[in-house]
Amino acid sequence: MTQPQTPYSPHPSRYTELSGGADPGRGIEAVWVSVADKASAHRVLPDGRCDIILRFCAKVSPINSITVVVTGPTTRHYDVVVEPGMGFAGIRLRPGFFHAILGLSPVVLRDGNLVGEAAIGACPPLADLCAEATSPDDLPGRLVAFVHHHIALGHALPPIQTLSILSALHASGGRLPVQDIARMQDISTRTVQRIVRDATGLPPKSYARILQFHRALRLLRDHHMRPSEAASEAGYADQAHMTHALRDFGALSPARLADVTLVTLGD
Amino acid sequence: MTVRFGYTILYVPDVRATIAFYEAAFGLTARFLHESNLYAEMETGATTLAFAGEEMAEMNGLAIRPLRAGDLAQAVEIALICDDPQSSWDRAVAAGASPLSPPTAKPWGQIVGYVRDLNGGMVELCSDMTAIA
């Protein structure tokens, strides 16, 4: 889940990724915290990731009402309404590690979330994350310990082939056809489709389109490319196709880009 | 304004594994490995051969066709000048390089052989042309 600062509210919260939080070998892409300082709507862009999030009220101490949320891989944007003082601590899972950490297939969570009891029902150990905390500062460490513990329990880690396929998709900005990936790995396209779907919860074409969308956003926003140039470099047939993707995935346009945090495998 | 050629950087799936391979297969040594394991430089003199993790491409907003052993070789090669191309080629193949073409004498007097590295990157092992000139 890409945490947003939205077009509705440019800086609605203090969203921070903790330095040193990434631990790729154990499936952690980032550890983050966010506390809303005013009522706002956050736009969440699809990024093909799954997060484990602890939602809490930062106005009370100790923190005694924590709700766990597991977000699935999304294919379209959605808005989250937050109130002042609402806090979140989250851990963004590296693609491919969802099942190893939670014992669930990300496929079942496509375009959906598990909230509170539903999350705990699907993965009972998540209940431990909701125990009272002295401070919000305790929660990121709690999430990291949860992931470390479950990785150590020996759920099957993603095979090297799976990570190689996902890395190729990311490195190419979603431009590498499934047929080419299959040829590189000396497996069938059907096998590539199954591997990507099982690892991310999304078919490879959907996953690739999300990566392509993110790269287009980066080219427009960070590289200051003209829309026609960005569309070409990102691999769209033309600018109209890129504009269509920006609208579909993020309700954005080349002239109206959100101040979002764009994530990569290397963060 | 001056410009000089400083680096050839290969984006690779695993930087540490690539260093280990280049050390074992070609006798090069690493001179720098970033703590992230996403960037390394080999000791190759004034022009640096470096390896970057594929993740770096995405982080830099780039898109690449990644190196894979099963894919068609990319339109670029690393050329390593060797005292004895045949011995170097034998050593590389013994260390796991895929043989492409054993060292042979070219019409211009140079000995040239080719292998593919662990990632599918093309490496030329050749004699020194300046010695011929």
# chains A, B, ... in the order shown; residues from 1 in each chain; ligands from 1
$ select_by_dssp --residues "segment 80-157 of chain A" --states "alpha helix (DSSP H)" --output "list in words"
Phe98, His99, Ala100, Ile101, Leu102, Glu117, Ala118, Ala119, Ile120, Gly121, Ala122, Asp138, Leu139, Pro140, Gly141, Arg142, Leu143, Val144, Ala145, Phe146, Val147, His148, His149, His150, Ile151 and Ala152 of chain A
$ interface_residues --of "chain A" --to "chain B" --cutoff "9 Å" --atoms "only C-alpha atoms" --output "PyMOL selection string"
chain A and resi 164+167-176+180-181+183-186+215-216+218-219+222-223+233-234+263-267
$ write_last_selection --atoms "N, CA and C atoms" --output "compact mmCIF listing (two decimals), in the first residue's frame"
# COMPACT_ATOMS: atom_id res chain seq x y z
N SER A 164 13.51 -14.02 -8.63
CA SER A 164 14.14 -13.61 -9.88
C SER A 164 13.10 -13.06 -10.86
N SER A 167 11.92 -9.69 -9.56
CA SER A 167 12.98 -8.69 -9.76
C SER A 167 13.04 -8.25 -11.22
N ALA A 168 12.87 -9.19 -12.13
CA ALA A 168 12.89 -8.85 -13.56
C ALA A 168 11.72 -7.93 -13.91
N LEU A 169 10.56 -8.22 -13.35
CA LEU A 169 9.39 -7.36 -13.60
C LEU A 169 9.65 -5.93 -13.10
N HIS A 170 10.21 -5.84 -11.89
CA HIS A 170 10.47 -4.52 -11.31
C HIS A 170 11.56 -3.79 -12.09
N ALA A 171 12.67 -4.50 -12.39
CA ALA A 171 13.79 -3.85 -13.07
C ALA A 171 13.39 -3.31 -14.43
N SER A 172 12.44 -3.95 -15.06
CA SER A 172 12.02 -3.52 -16.39
C SER A 172 10.88 -2.51 -16.32
N GLY A 173 10.52 -2.10 -15.14
CA GLY A 173 9.41 -1.15 -15.01
C GLY A 173 8.11 -1.71 -15.55
N GLY A 174 7.97 -3.03 -15.46
CA GLY A 174 6.73 -3.66 -15.94
C GLY A 174 6.69 -3.82 -17.45
N ARG A 175 7.81 -3.56 -18.14
CA ARG A 175 7.80 -3.58 -19.61
C ARG A 175 8.16 -4.94 -20.20
N LEU A 176 8.62 -5.85 -19.39
CA LEU A 176 9.07 -7.14 -19.92
C LEU A 176 7.87 -8.05 -20.11
N ASP A 180 8.72 -13.25 -22.50
CA ASP A 180 10.17 -13.06 -22.38
C ASP A 180 10.68 -13.59 -21.04
N ILE A 181 9.92 -13.32 -19.99
CA ILE A 181 10.33 -13.81 -18.66
C ILE A 181 10.33 -15.34 -18.67
N ARG A 183 10.87 -17.28 -21.17
CA ARG A 183 12.03 -17.73 -21.95
C ARG A 183 13.29 -17.59 -21.12
N MET A 184 13.41 -16.49 -20.39
CA MET A 184 14.61 -16.28 -19.55
C MET A 184 14.74 -17.37 -18.51
N GLN A 185 13.60 -17.79 -17.97
CA GLN A 185 13.62 -18.77 -16.87
C GLN A 185 13.50 -20.20 -17.37
N ASP A 186 13.29 -20.35 -18.67
CA ASP A 186 13.12 -21.67 -19.28
C ASP A 186 11.92 -22.41 -18.65
N ARG A 215 6.26 3.90 -12.48
CA ARG A 215 7.43 4.47 -13.15
C ARG A 215 7.04 5.73 -13.91
N ALA A 216 5.88 5.71 -14.54
CA ALA A 216 5.43 6.90 -15.26
C ALA A 216 5.29 8.08 -14.29
N ARG A 218 6.93 8.50 -11.56
CA ARG A 218 8.27 8.93 -11.17
C ARG A 218 8.92 9.77 -12.29
N LEU A 219 8.72 9.35 -13.53
CA LEU A 219 9.31 10.09 -14.64
C LEU A 219 8.72 11.49 -14.76
N ASP A 222 9.52 13.23 -10.73
CA ASP A 222 10.90 13.37 -10.26
C ASP A 222 11.87 13.70 -11.38
N HIS A 223 11.62 13.15 -12.56
CA HIS A 223 12.52 13.40 -13.68
C HIS A 223 12.05 14.58 -14.53
N GLU A 233 8.97 6.52 -22.66
CA GLU A 233 9.99 5.86 -21.84
C GLU A 233 9.35 4.79 -20.94
N ALA A 234 8.14 5.04 -20.47
CA ALA A 234 7.48 4.07 -19.59
C ALA A 234 6.88 2.90 -20.36
N VAL A 263 7.23 3.61 -4.02
CA VAL A 263 8.05 2.58 -3.40
C VAL A 263 8.76 1.76 -4.47
N THR A 264 9.90 1.19 -4.06
CA THR A 264 10.64 0.29 -4.95
C THR A 264 11.12 -0.90 -4.12
N LEU A 265 11.57 -1.92 -4.82
CA LEU A 265 12.10 -3.09 -4.12
C LEU A 265 13.30 -2.74 -3.28
N GLY A 266 14.03 -1.70 -3.65
CA GLY A 266 15.28 -1.39 -2.96
C GLY A 266 15.13 -0.44 -1.80
N ASP A 267 13.90 0.03 -1.51
CA ASP A 267 13.73 0.98 -0.40
C ASP A 267 14.06 0.34 0.93
$ atom_distance --atom1 "atom CA of Gly45 of chain B" --atom2 "atom CA of Glu77 of chain B"
17.9 Å
$ closest_residue --among "B:Trp108, B:Gly113, B:Thr48, B:Ala20" --to "Thr130 of chain B" --atoms "only C-alpha atoms"
B:Trp108
$ atom_distance --atom1 "atom CA of Pro95 of chain A" --atom2 "atom CA of Val178 of chain A"
17.3 Å
$ atom_distance --atom1 "atom CA of Cys126 of chain B" --atom2 "atom CA of Val15 of chain B"
24.7 Å
$ residues_around --residues "Ser127 of chain B" --least-positions-apart "3" --cutoff "10 Å" --atoms "only C-alpha atoms" --output "JSON, numbers by chain"
{"B": [79, 80, 81, 82, 83, 84, 85, 86, 103, 105, 109, 110, 111, 112, 113, 124, 130, 131, 132]}
$ write_last_selection --atoms "C-alpha atoms" --output "short mmCIF file (atom, residue, chain, number, x, y, z; two decimals), in the first residue's frame"
data_model
loop_
_atom_site.label_atom_id
_atom_site.label_comp_id
_atom_site.auth_asym_id
_atom_site.auth_seq_id
_atom_site.Cartn_x
_atom_site.Cartn_y
_atom_site.Cartn_z
CA ALA B 79 36.57 -7.42 -22.43
CA LEU B 80 39.30 -8.59 -20.06
CA ILE B 81 42.89 -8.52 -21.28
CA CYS B 82 44.78 -11.62 -20.19
CA ASP B 83 48.43 -12.70 -20.26
CA ASP B 84 47.28 -16.15 -21.32
CA PRO B 85 43.75 -16.11 -22.76
CA GLN B 86 43.54 -19.91 -23.00
CA PRO B 103 40.25 -18.59 -27.61
CA ALA B 105 43.77 -16.28 -33.16
CA GLY B 109 46.96 -11.26 -34.36
CA GLN B 110 44.91 -11.08 -31.19
CA ILE B 111 43.76 -14.17 -29.24
CA VAL B 112 40.07 -13.85 -28.37
CA GLY B 113 37.66 -16.16 -26.54
CA GLU B 124 35.62 -11.55 -23.82
CA THR B 130 49.16 -3.08 -27.51
CA ALA B 131 51.68 -5.93 -27.17
CA ILE B 132 51.07 -6.75 -30.83
#
$ residues_around --residues "Leu102 of chain A" --least-positions-apart "2" --cutoff "9 Å" --atoms "only C-alpha atoms" --output "list in words"
Phe97, Phe98, His99, Ala100, Leu104, Ser105, Ala122, Cys123, Pro125, Leu126, Val147, His150 and His155 of chain A
$ residues_around --residues "Ala40 of chain B" --least-positions-apart "5" --cutoff "7 Å" --atoms "only C-alpha atoms" --output "list in words"
Val15, Phe32, Leu33, His34, Ala50, Phe51 and Ala52 of chain B
